[in-house]
$ cat my_file11.txt   # compact mmCIF, C-alpha atoms and all ligand atoms
# COMPACT_ATOMS: atom_id res chain seq x y z
CA MET D 39 101.70 72.60 112.36
CA THR D 40 100.52 71.51 115.78
CA GLY D 41 98.70 73.14 118.64
CA VAL D 42 101.92 73.76 120.56
CA SER D 43 102.43 77.49 120.50
CA ALA D 44 105.55 79.47 121.16
CA TYR D 45 103.60 81.95 123.22
CA ASP D 46 104.64 83.16 126.65
CA ASP D 47 104.03 86.38 128.57
CA HIS D 48 106.94 88.18 126.95
CA THR D 49 105.82 87.49 123.43
CA PRO D 50 104.03 90.43 121.84
CA ILE D 51 100.37 89.66 121.09
CA LEU D 52 100.70 91.59 117.85
CA GLU D 53 103.87 92.30 115.98
CA LEU D 54 104.68 93.87 112.64
CA ARG D 55 108.21 93.29 111.52
CA SER D 56 109.75 95.22 108.60
CA VAL D 57 106.32 95.42 107.02
CA ARG D 58 106.12 96.85 103.55
CA ALA D 59 102.85 97.44 101.78
CA ALA D 60 101.73 98.76 98.43
CA TYR D 61 98.41 99.54 96.79
CA ASP D 62 97.31 98.54 93.32
CA GLY D 63 99.66 100.11 90.88
CA GLY D 64 102.61 99.11 93.02
CA ILE D 65 103.21 102.37 94.85
CA GLU D 66 104.75 101.40 98.16
CA VAL D 67 103.24 103.30 101.09
CA LEU D 68 104.78 101.43 104.04
CA HIS D 69 108.54 101.13 103.87
CA GLY D 70 109.40 98.72 106.66
CA ILE D 71 107.25 99.21 109.76
CA ASP D 72 108.28 97.68 113.10
CA LEU D 73 105.67 97.70 115.81
CA GLN D 74 104.74 95.60 118.83
CA VAL D 75 101.69 95.45 121.06
CA HIS D 76 101.95 93.50 124.30
CA ARG D 77 99.13 92.05 126.31
CA GLY D 78 96.87 94.67 127.84
CA GLN D 79 98.86 97.45 126.27
CA VAL D 80 97.39 100.42 124.44
CA VAL D 81 99.64 101.52 121.60
CA ALA D 82 98.85 104.81 119.88
CA LEU D 83 99.72 105.03 116.21
CA LEU D 84 100.08 108.68 115.32
CA GLY D 85 101.17 110.69 112.34
CA PRO D 86 100.03 113.24 109.77
CA ASN D 87 97.44 112.51 107.05
CA GLY D 88 98.68 110.00 104.54
CA ALA D 89 101.45 108.72 106.83
CA GLY D 90 100.17 105.15 106.44
CA LYS D 91 98.25 104.65 109.69
CA THR D 92 95.16 103.13 108.13
CA THR D 93 97.32 100.98 105.89
CA THR D 94 99.18 99.69 108.95
CA ILE D 95 95.85 98.79 110.59
CA ARG D 96 94.77 97.03 107.40
CA VAL D 97 97.93 94.94 107.41
CA ALA D 98 97.58 94.15 111.11
CA SER D 99 93.99 92.97 110.64
CA GLY D 100 94.92 90.75 107.70
CA LEU D 101 92.89 92.80 105.23
CA MET D 102 95.99 93.64 103.28
CA ARG D 103 98.84 91.30 102.58
CA PRO D 104 102.22 92.96 103.11
CA THR D 105 104.60 92.95 100.16
CA GLY D 106 107.47 92.40 102.58
CA GLY D 107 108.06 91.58 106.23
CA PHE D 108 105.92 89.61 108.69
CA LEU D 109 102.76 89.88 110.70
CA LYS D 110 102.95 87.88 113.91
CA VAL D 111 100.13 87.18 116.32
CA ALA D 112 100.96 85.62 119.70
CA GLY D 113 104.40 84.78 118.35
CA HIS D 114 103.10 82.94 115.33
CA ASP D 115 103.69 84.07 111.77
CA VAL D 116 100.27 84.81 110.26
CA THR D 117 101.38 86.78 107.21
CA GLY D 118 98.81 86.07 104.52
CA VAL D 119 96.14 84.62 106.83
CA SER D 120 92.72 86.00 105.91
CA ALA D 121 91.16 88.80 107.91
CA SER D 122 88.11 86.65 108.59
CA SER D 123 90.17 83.87 110.20
CA LEU D 124 91.95 86.37 112.43
CA ALA D 125 88.67 88.05 113.32
CA ARG D 126 87.07 84.76 114.28
CA LEU D 127 89.90 84.00 116.69
CA GLY D 128 89.72 87.39 118.38
CA VAL D 129 91.50 90.07 116.37
CA ARG D 130 88.75 92.66 115.99
CA THR D 131 88.83 95.79 113.88
CA VAL D 132 86.71 98.90 114.21
CA PRO D 133 87.39 100.54 110.85
CA GLU D 134 87.73 104.17 109.90
CA GLY D 135 84.38 105.83 109.25
CA ARG D 136 81.16 104.17 110.27
CA GLY D 137 81.44 100.52 111.07
CA VAL D 138 77.71 99.94 111.53
CA PHE D 139 74.87 99.11 109.17
CA PRO D 140 72.62 102.19 109.18
CA ASN D 141 69.50 100.36 107.99
CA LEU D 142 69.71 97.76 110.73
CA THR D 143 68.64 98.38 114.29
CA VAL D 144 71.09 98.39 117.18
CA ARG D 145 70.04 94.87 118.05
CA GLU D 146 70.41 93.64 114.46
CA ASN D 147 73.84 95.21 114.27
CA LEU D 148 74.83 93.30 117.38
CA ARG D 149 73.44 90.10 115.92
CA ILE D 150 76.15 90.30 113.26
CA ALA D 151 78.70 89.55 115.95
CA THR D 152 77.14 86.10 116.45
CA PHE D 153 79.38 84.92 113.59
CA THR D 154 81.97 84.21 116.26
CA GLY D 155 79.69 81.65 117.86
CA CYS D 156 78.52 83.80 120.80
CA GLY D 157 74.81 83.93 121.48
CA LEU D 158 72.87 87.12 120.82
CA SER D 159 71.69 87.49 124.41
CA ASP D 160 75.27 87.30 125.75
CA ILE D 161 76.42 89.82 123.19
CA GLU D 162 73.55 92.18 124.01
CA GLU D 163 74.14 91.93 127.71
CA ARG D 164 77.81 92.80 127.43
CA ALA D 165 77.18 95.61 124.98
CA TYR D 166 74.47 97.20 127.13
CA THR D 167 76.47 96.87 130.33
CA ARG D 168 79.31 98.77 128.76
CA PHE D 169 77.16 101.27 126.91
CA PRO D 170 73.80 101.68 128.69
CA ARG D 171 72.78 104.27 126.12
CA LEU D 172 72.58 101.52 123.50
CA ALA D 173 70.09 99.58 125.60
CA GLU D 174 67.62 102.46 125.44
CA ARG D 175 67.99 102.47 121.69
CA ARG D 176 68.05 98.80 120.89
CA GLY D 177 65.17 99.05 118.41
CA GLN D 178 66.38 102.20 116.70
CA LEU D 179 67.93 102.20 113.23
CA ALA D 180 71.65 102.69 113.66
CA GLY D 181 71.74 105.29 110.88
CA THR D 182 69.44 107.58 112.84
CA MET D 183 71.61 107.65 115.96
CA SER D 184 74.17 110.34 116.65
CA GLY D 185 77.73 109.83 115.42
CA GLY D 186 78.93 109.11 118.95
CA GLU D 187 76.24 106.50 119.51
CA GLN D 188 77.10 104.85 116.21
CA GLN D 189 80.73 104.61 117.26
CA MET D 190 79.66 103.20 120.63
CA LEU D 191 77.75 100.56 118.73
CA ALA D 192 80.73 99.74 116.51
CA LEU D 193 82.95 99.49 119.57
CA ALA D 194 80.37 97.48 121.52
CA ARG D 195 80.08 95.01 118.69
CA GLY D 196 83.85 94.63 118.50
CA LEU D 197 84.01 94.04 122.25
CA ALA D 198 80.99 91.85 122.79
CA THR D 199 82.67 88.66 121.67
CA ASP D 200 85.78 88.34 123.78
CA PRO D 201 88.40 90.05 121.67
CA VAL D 202 92.09 89.55 122.37
CA VAL D 203 93.33 92.31 120.10
CA LEU D 204 91.41 95.43 119.18
CA LEU D 205 92.40 97.55 116.19
CA LEU D 206 90.80 100.99 116.21
CA ASP D 207 91.01 103.47 113.37
CA GLU D 208 89.89 107.00 114.26
CA LEU D 209 86.99 106.38 116.59
CA SER D 210 86.67 110.14 116.83
CA MET D 211 85.78 110.82 113.20
CA GLY D 212 83.33 113.71 113.23
CA LEU D 213 82.66 113.60 116.96
CA ALA D 214 82.68 116.25 119.65
CA PRO D 215 85.72 116.14 121.96
CA ILE D 216 83.63 115.23 124.99
CA VAL D 217 82.19 112.17 123.26
CA VAL D 218 85.68 111.18 122.15
CA GLY D 219 86.81 111.36 125.77
CA GLN D 220 83.98 109.04 126.83
CA LEU D 221 84.84 106.51 124.12
CA TYR D 222 88.47 106.44 125.19
CA GLU D 223 87.52 105.90 128.82
CA GLN D 224 85.98 102.66 127.59
CA VAL D 225 89.10 101.84 125.61
CA ALA D 226 91.19 102.25 128.76
CA ALA D 227 88.80 100.01 130.69
CA ILE D 228 89.04 97.34 128.00
CA ALA D 229 92.84 97.39 128.09
CA ALA D 230 92.75 97.08 131.87
CA GLU D 231 90.88 93.80 131.36
CA GLY D 232 93.84 92.51 129.35
CA VAL D 233 92.81 93.28 125.78
CA SER D 234 95.63 94.62 123.61
CA VAL D 235 94.75 97.74 121.65
CA LEU D 236 96.38 99.36 118.62
CA VAL D 237 94.72 102.70 118.02
CA VAL D 238 94.95 105.40 115.37
CA GLU D 239 93.65 108.77 116.47
CA GLN D 240 93.71 112.42 115.45
CA PHE D 241 92.79 113.53 118.95
CA VAL D 242 96.40 113.17 119.98
CA ARG D 243 96.09 114.28 123.58
CA THR D 244 93.05 112.15 124.31
CA VAL D 245 94.62 109.00 122.96
CA MET D 246 97.96 109.69 124.62
CA SER D 247 96.22 109.94 127.96
CA VAL D 248 95.33 106.25 127.66
CA ALA D 249 98.28 104.92 125.62
CA ASP D 250 101.26 103.18 127.23
CA TRP D 251 103.35 103.30 124.10
CA THR D 252 103.36 105.64 121.14
CA VAL D 253 104.50 105.08 117.59
CA LEU D 254 104.91 108.06 115.29
CA LEU D 255 104.63 107.38 111.59
CA ALA D 256 105.68 109.72 108.84
CA GLN D 257 105.68 108.94 105.15
CA GLY D 258 105.41 105.23 105.64
CA THR D 259 108.21 104.81 108.17
CA VAL D 260 108.39 104.82 111.95
CA ARG D 261 109.88 108.14 112.85
CA ASN D 262 109.79 107.66 116.58
CA ALA D 263 108.57 105.06 119.06
CA GLY D 264 108.68 104.82 122.82
CA PRO D 265 106.79 105.13 126.10
CA THR D 266 104.08 107.77 125.71
CA ALA D 267 105.61 109.84 128.52
CA ASP D 268 108.67 110.48 126.31
CA PHE D 269 106.62 112.29 123.72
CA ASP D 270 106.48 115.96 124.51
CA ASP D 271 104.85 118.71 122.50
CA GLU D 272 108.02 119.44 120.60
CA VAL D 273 108.46 115.90 119.31
CA LEU D 274 104.81 115.80 118.26
CA ALA D 275 104.84 119.18 116.60
CA ASN D 276 107.90 118.23 114.61
CA ALA D 277 106.32 115.00 113.45
CA TYR D 278 103.05 116.62 112.43
CA LEU D 279 104.62 119.66 110.82
CA GLY D 280 107.12 117.56 108.96
CA SER D 281 110.36 119.10 110.19
CA SER D 282 112.98 116.96 111.90
CA MET T 46 90.25 88.45 130.19
CA ASN T 47 91.65 85.34 131.79
CA GLU T 48 94.74 83.20 131.18
CA GLU T 49 92.61 80.53 129.60
CA ARG T 50 91.42 82.85 126.86
CA ILE T 51 94.96 83.90 126.00
CA LYS T 52 96.16 80.29 125.93
CA THR T 53 93.32 79.22 123.64
CA PHE T 54 93.96 82.20 121.43
CA ALA T 55 97.69 81.48 121.15
CA SER T 56 97.12 77.83 120.32
CA GLU T 57 94.35 78.57 117.83
CA VAL T 58 96.57 81.11 116.11
CA SER T 59 99.40 78.60 115.88
CA GLU T 60 97.02 76.19 114.16
CA LEU T 61 96.07 78.69 111.49
CA ARG T 62 97.07 77.57 108.09
CA VAL T 63 98.81 80.24 106.11
CA ASN T 64 97.29 79.47 102.77
CA GLY T 65 98.61 81.99 100.30
CA ALA T 66 96.25 84.53 98.88
CA ARG T 67 92.68 83.26 98.89
CA GLY T 68 91.55 85.74 96.27
CA ASP T 69 94.08 84.18 93.95
CA ARG T 70 92.77 80.69 94.58
CA GLU T 71 89.33 81.84 93.57
CA ARG T 72 90.64 83.27 90.33
CA VAL T 73 92.55 80.05 89.64
CA LEU T 74 89.42 77.93 90.20
CA LEU T 75 87.38 80.17 87.94
CA GLY T 76 90.07 79.74 85.27
CA ALA T 77 90.08 75.98 85.85
CA GLY T 78 86.31 75.92 85.33
CA VAL T 79 86.62 77.63 81.97
CA THR T 80 89.51 75.36 80.90
CA LEU T 81 87.61 72.21 81.87
CA LEU T 82 84.57 73.45 79.99
CA VAL T 83 86.54 74.07 76.80
CA ALA T 84 88.52 70.82 77.10
CA GLY T 85 85.29 68.89 77.70
CA VAL T 86 83.59 70.30 74.62
CA ALA T 87 86.70 69.61 72.50
CA LEU T 88 86.95 66.04 73.77
CA ALA T 89 83.24 65.39 73.17
CA VAL T 90 83.43 66.73 69.61
CA VAL T 91 86.61 64.80 68.79
CA GLY T 92 85.19 61.64 70.36
CA GLY T 93 81.94 62.00 68.47
CA LEU T 94 83.63 62.63 65.12
CA ARG T 95 86.05 59.75 65.53
CA ALA T 96 83.27 57.44 66.64
CA SER T 97 81.14 58.23 63.61
CA SER T 98 84.02 57.57 61.24
CA ALA T 99 85.25 54.45 63.04
CA ASN T 100 84.24 51.04 61.76
CA GLY T 101 82.76 48.41 64.02
CA LEU T 102 80.25 48.98 66.78
CA GLY T 103 82.76 48.03 69.50
CA ASN T 104 85.26 50.67 68.36
CA GLN T 105 82.52 53.29 68.11
CA ILE T 106 81.31 52.61 71.62
CA ALA T 107 84.86 52.72 72.99
CA LEU T 108 85.55 56.05 71.31
CA LEU T 109 82.24 57.46 72.49
CA ALA T 110 82.99 56.34 76.02
CA THR T 111 86.46 57.85 76.22
CA GLY T 112 85.69 60.90 74.10
CA SER T 113 82.16 62.06 74.47
CA PHE T 114 81.23 60.76 77.89
CA ILE T 115 84.40 61.94 79.59
CA GLY T 116 83.98 65.15 77.62
CA PHE T 117 80.47 65.63 78.98
CA ALA T 118 81.65 64.92 82.49
CA LEU T 119 84.34 67.58 82.14
CA VAL T 120 81.80 70.04 80.75
CA GLY T 121 79.60 69.39 83.77
CA ALA T 122 82.43 69.85 86.27
CA GLY T 123 83.77 72.93 84.48
CA ALA T 124 80.35 74.54 84.32
CA ALA T 125 79.78 73.90 88.02
CA LEU T 126 83.09 75.53 88.97
CA PHE T 127 82.47 78.43 86.66
CA VAL T 128 78.97 79.12 87.95
CA ARG T 129 80.03 78.73 91.58
CA TYR T 130 82.86 81.24 91.38
CA SER T 131 81.43 83.74 88.94
CA ILE T 132 78.21 83.93 90.96
CA ALA T 133 80.17 84.40 94.18
CA ARG T 134 81.92 87.34 92.59
CA PHE T 135 78.75 88.81 91.25
CA LEU T 136 76.86 88.44 94.53
CA ARG T 137 79.66 90.01 96.50
CA TYR T 138 79.69 93.01 94.20
CA TRP T 139 75.92 93.24 94.39
CA LEU T 140 75.92 93.09 98.19
CA VAL T 141 78.47 95.88 98.52
CA ARG T 142 76.46 97.91 96.05
CA LEU T 143 73.27 97.41 98.07
CA VAL T 144 74.90 98.29 101.36
CA HIS T 145 76.30 101.42 99.78
CA GLU T 146 72.97 102.48 98.32
CA HIS T 147 71.09 101.86 101.54
CA ARG T 148 73.61 103.90 103.39
CA THR T 149 73.23 106.87 101.07
CA GLU T 150 69.47 106.54 101.14
CA THR T 151 69.32 106.46 104.95
CA ASP T 152 71.53 109.52 105.09
CA ARG T 153 69.18 111.32 102.74
CA ILE T 154 66.08 110.35 104.72
CA VAL T 155 67.62 111.27 108.05
CA HIS T 156 68.71 114.56 106.58
CA ALA T 157 65.25 115.26 105.20
CA ILE T 158 63.57 114.43 108.52
CA GLU T 159 65.99 116.62 110.39
CA SER T 160 65.49 119.59 108.10
CA LEU T 161 61.71 119.20 108.42
CA GLY T 162 61.88 118.91 112.18
CA ARG T 163 63.73 122.08 112.94
CA PRO T 164 63.60 124.96 110.51
CA GLU T 165 66.91 126.71 110.88
CA VAL T 166 67.45 130.33 111.78
CA GLY T 167 68.90 132.26 108.88
CA ARG T 168 67.02 130.13 106.36
CA PRO T 169 63.70 131.96 106.01
CA ASP T 170 62.53 129.63 103.23
CA ALA T 171 62.57 126.74 105.70
CA ASP T 172 60.48 128.59 108.26
CA PRO T 173 56.80 127.64 108.04
CA ALA T 174 55.69 131.13 109.08
CA THR T 175 57.55 132.84 106.27
CA MET T 176 56.44 130.21 103.84
CA SER T 177 52.75 130.83 104.49
CA ASP T 178 53.36 134.57 104.16
CA ALA T 179 54.84 134.07 100.74
CA ARG T 180 51.82 132.18 99.44
N1 LIG K 1 93.08 102.34 98.25
C1 LIG K 1 94.20 103.03 98.00
N2 LIG K 1 94.77 103.01 96.77
C2 LIG K 1 95.91 103.70 96.51
N3 LIG K 1 96.58 104.42 97.42
C3 LIG K 1 96.06 104.49 98.65
C4 LIG K 1 94.86 103.79 99.03
N4 LIG K 1 94.61 104.04 100.33
C5 LIG K 1 95.58 104.84 100.76
N5 LIG K 1 96.48 105.11 99.77
C6 LIG K 1 97.68 105.94 99.89
O1 LIG K 1 98.52 105.38 100.88
C7 LIG K 1 99.11 106.40 101.68
C8 LIG K 1 98.82 106.11 103.15
O2 LIG K 1 97.42 106.13 103.35
P1 LIG K 1 96.70 105.83 104.72
O3 LIG K 1 95.24 105.79 104.46
O4 LIG K 1 97.32 104.63 105.33
O5 LIG K 1 97.08 107.12 105.57
P2 LIG K 1 96.60 107.57 107.02
O6 LIG K 1 97.82 107.74 107.82
O7 LIG K 1 95.56 106.64 107.52
O8 LIG K 1 95.96 108.98 106.73
P3 LIG K 1 94.70 109.71 107.40
O9 LIG K 1 95.21 110.33 108.64
O10 LIG K 1 94.33 110.74 106.39
O11 LIG K 1 93.62 108.69 107.62
C9 LIG K 1 98.53 107.70 101.19
O12 LIG K 1 99.50 108.32 100.38
C10 LIG K 1 97.33 107.32 100.39
O13 LIG K 1 97.15 108.17 99.31
MG MG K 2 93.48 106.79 107.99

$ encode --input "my_file11.txt" --output "structure tokens"
Amino acid sequence: MTGVSAYDDHTPILELRSVRAAYDGGIEVLHGIDLQVHRGQVVALLGPNGAGKTTTIRVASGLMRPTGGFLKVAGHDVTGVSASSLARLGVRTVPEGRGVFPNLTVRENLRIATFTGCGLSDIEERAYTRFPRLAERRGQLAGTMSGGEQQMLALARGLATDPVVLLLDELSMGLAPIVVGQLYEQVAAIAAEGVSVLVVEQFVRTVMSVADWTVLLAQGTVRNAGPTADFDDEVLANAYLGSS
Amino acid sequence: MNEERIKTFASEVSELRVNGARGDRERVLLGAGVTLLVAGVALAVVGGLRASSANGLGNQIALLATGSFIGFALVGAGAALFVRYSIARFLRYWLVRLVHEHRTETDRIVHAIESLGRPEVGRPDADPATMSDAR
């Protein structure tokens, strides 16, 4: 394989094609997912609990190898490439739950992002510009900050090293709606800079206010996908309540 | 994010080698270590036995060389592989375990500090005033 890539502006940055996935024990939980994220686009991945949203994010980040179908990044088939290789190149994941080390300070948590080759001072500068609150707390143990501040830190760390794709799984976990709104303002700003974002979120309205495209999952399949504007309350209610 | 970044990204991605499942490779190498170890011991023993029953110093040396020495070399290589990969596994497990424990511990400490800091209404036992009354 050579350095000549098949990428042009119309190629999706991230693409899942007919992706199937199963957990140990062989129970298939994704039954052929098709999904595309274009450059600078925010795609919301919605659906009821257990629909397979986190699993889809795991496949997209390379953490989980699909049992069928392809994962393509910038037009190139990367099915089976390790999550660490993808992360190093610029596919960053902010996982479900807390993505920070509670017994490390804010600064030490940011230092972890130097694995990409960026210097700590650059990383700190970018993180604090985006989230000034973190600058005030740089010496504080992450575990003692509020949930919202911890998520800011997780997001800041994901962003501090020039990501191309950002995979977000429930930033809002356990947070007050107003904090969630602030986090998503940042997500919108990031996308405006050209970063492509695939985001799972329970705060449906908040995420839909920043998403260009929405994909509705139910029971491991895509039930509905289209421009966010096409999703009205009725479509959403049906998807979440399980009727058709 | 500029054009340059996207171009670099696309070309770096296209250079990625899709090399199967890495977890599997590790398991295979661990297995290979064990196999080499066993084969090495067997070869050394066979070589040694045949050398001691062979007649003529030249024959004995030849058998020792092909049997025991190669055997020892295999044992060395096998042991190195085995140690490398079993330790990696163990350390990884240990690290996850530590992170997990620290996390729980921090939660507990934070919780304790918080409950000391502000005695809650509706929990008279946590209120210093009531507590001193009770004593
Ligand atoms: N580690 C695992 N082992 C076995 N099954 C799992 C595992 N993780 C998830 N599952 C199953 O896979 C299905 C999809 O789970 P997933 O976590 O992707 O759902 P989700 O859409 O993220 O749900 P939620 O909104 O609750 O986070 C569920 O039925 C779940 O029970
Ligand atoms: Mg989930």

$ atom_distance --input "my_file11.txt" --atom1 "atom CA of T:Phe114" --atom2 "atom CA of T:Leu88"
8.8 Å

$ atom_distance --input "my_file11.txt" --atom1 "atom CA of D:Tyr222" --atom2 "atom CA of D:Thr266"
15.7 Å

$ residues_near_ligand --input "my_file11.txt" --ligand "ligand MG 2 (chain K)" --cutoff "12 Å" --atoms "only C-alpha atoms and all ligand atoms" --output "PDB file with C-alpha atoms, in the coordinates of the input"
ATOM      1  CA  LEU D  83      99.720 105.030 116.210  1.00  0.00           C
ATOM      2  CA  LEU D  84     100.080 108.680 115.320  1.00  0.00           C
ATOM      3  CA  GLY D  85     101.170 110.690 112.340  1.00  0.00           C
ATOM      4  CA  PRO D  86     100.030 113.240 109.770  1.00  0.00           C
ATOM      5  CA  ASN D  87      97.440 112.510 107.050  1.00  0.00           C
ATOM      6  CA  GLY D  88      98.680 110.000 104.540  1.00  0.00           C
ATOM      7  CA  ALA D  89     101.450 108.720 106.830  1.00  0.00           C
ATOM      8  CA  GLY D  90     100.170 105.150 106.440  1.00  0.00           C
ATOM      9  CA  LYS D  91      98.250 104.650 109.690  1.00  0.00           C
ATOM     10  CA  THR D  92      95.160 103.130 108.130  1.00  0.00           C
ATOM     11  CA  THR D  93      97.320 100.980 105.890  1.00  0.00           C
ATOM     12  CA  THR D  94      99.180  99.690 108.950  1.00  0.00           C
ATOM     13  CA  ILE D  95      95.850  98.790 110.590  1.00  0.00           C
ATOM     14  CA  ARG D  96      94.770  97.030 107.400  1.00  0.00           C
ATOM     15  CA  PRO D 133      87.390 100.540 110.850  1.00  0.00           C
ATOM     16  CA  GLU D 134      87.730 104.170 109.900  1.00  0.00           C
ATOM     17  CA  GLY D 135      84.380 105.830 109.250  1.00  0.00           C
ATOM     18  CA  LEU D 206      90.800 100.990 116.210  1.00  0.00           C
ATOM     19  CA  ASP D 207      91.010 103.470 113.370  1.00  0.00           C
ATOM     20  CA  GLU D 208      89.890 107.000 114.260  1.00  0.00           C
ATOM     21  CA  LEU D 209      86.990 106.380 116.590  1.00  0.00           C
ATOM     22  CA  SER D 210      86.670 110.140 116.830  1.00  0.00           C
ATOM     23  CA  MET D 211      85.780 110.820 113.200  1.00  0.00           C
ATOM     24  CA  VAL D 237      94.720 102.700 118.020  1.00  0.00           C
ATOM     25  CA  VAL D 238      94.950 105.400 115.370  1.00  0.00           C
ATOM     26  CA  GLU D 239      93.650 108.770 116.470  1.00  0.00           C
ATOM     27  CA  GLN D 240      93.710 112.420 115.450  1.00  0.00           C
ATOM     28  CA  LEU D 255     104.630 107.380 111.590  1.00  0.00           C
TER      29      LEU D 255
END

$ atom_distance --input "my_file11.txt" --atom1 "atom CA of D:Leu52" --atom2 "atom CA of D:Gly157"
27.2 Å

$ residues_around --input "my_file11.txt" --residues "D:Ala60" --least-positions-apart "2" --cutoff "10 Å" --atoms "all atoms listed in the file" --output "count of residues only"
15

$ closest_residue --input "my_file11.txt" --among "D:Gly107, D:Val235, D:Thr244, D:Leu193" --to "D:Ile216" --atoms "all atoms listed in the file"
D:Thr244

$ residues_around --input "my_file11.txt" --residues "D:Arg145" --least-positions-apart "2" --cutoff "7 Å" --atoms "all atoms listed in the file" --output "PyMOL selection string"
chain D and resi 143+147-149+176-177

$ closest_residue --input "my_file11.txt" --among "D:Ala256, D:Ile71, D:Val273, D:Ala192" --to "ligand LIG 1 (chain K)" --atoms "only C-alpha atoms and all ligand atoms"
D:Ala256

$ interface_residues --input "my_file11.txt" --of "chain D" --to "chain T" --cutoff "10 Å" --atoms "all atoms listed in the file" --output "PyMOL selection string"
chain D and resi 39-47+51+77-78+103+110-120+123-124+127-129+138-141+179-183+200-202+228-233
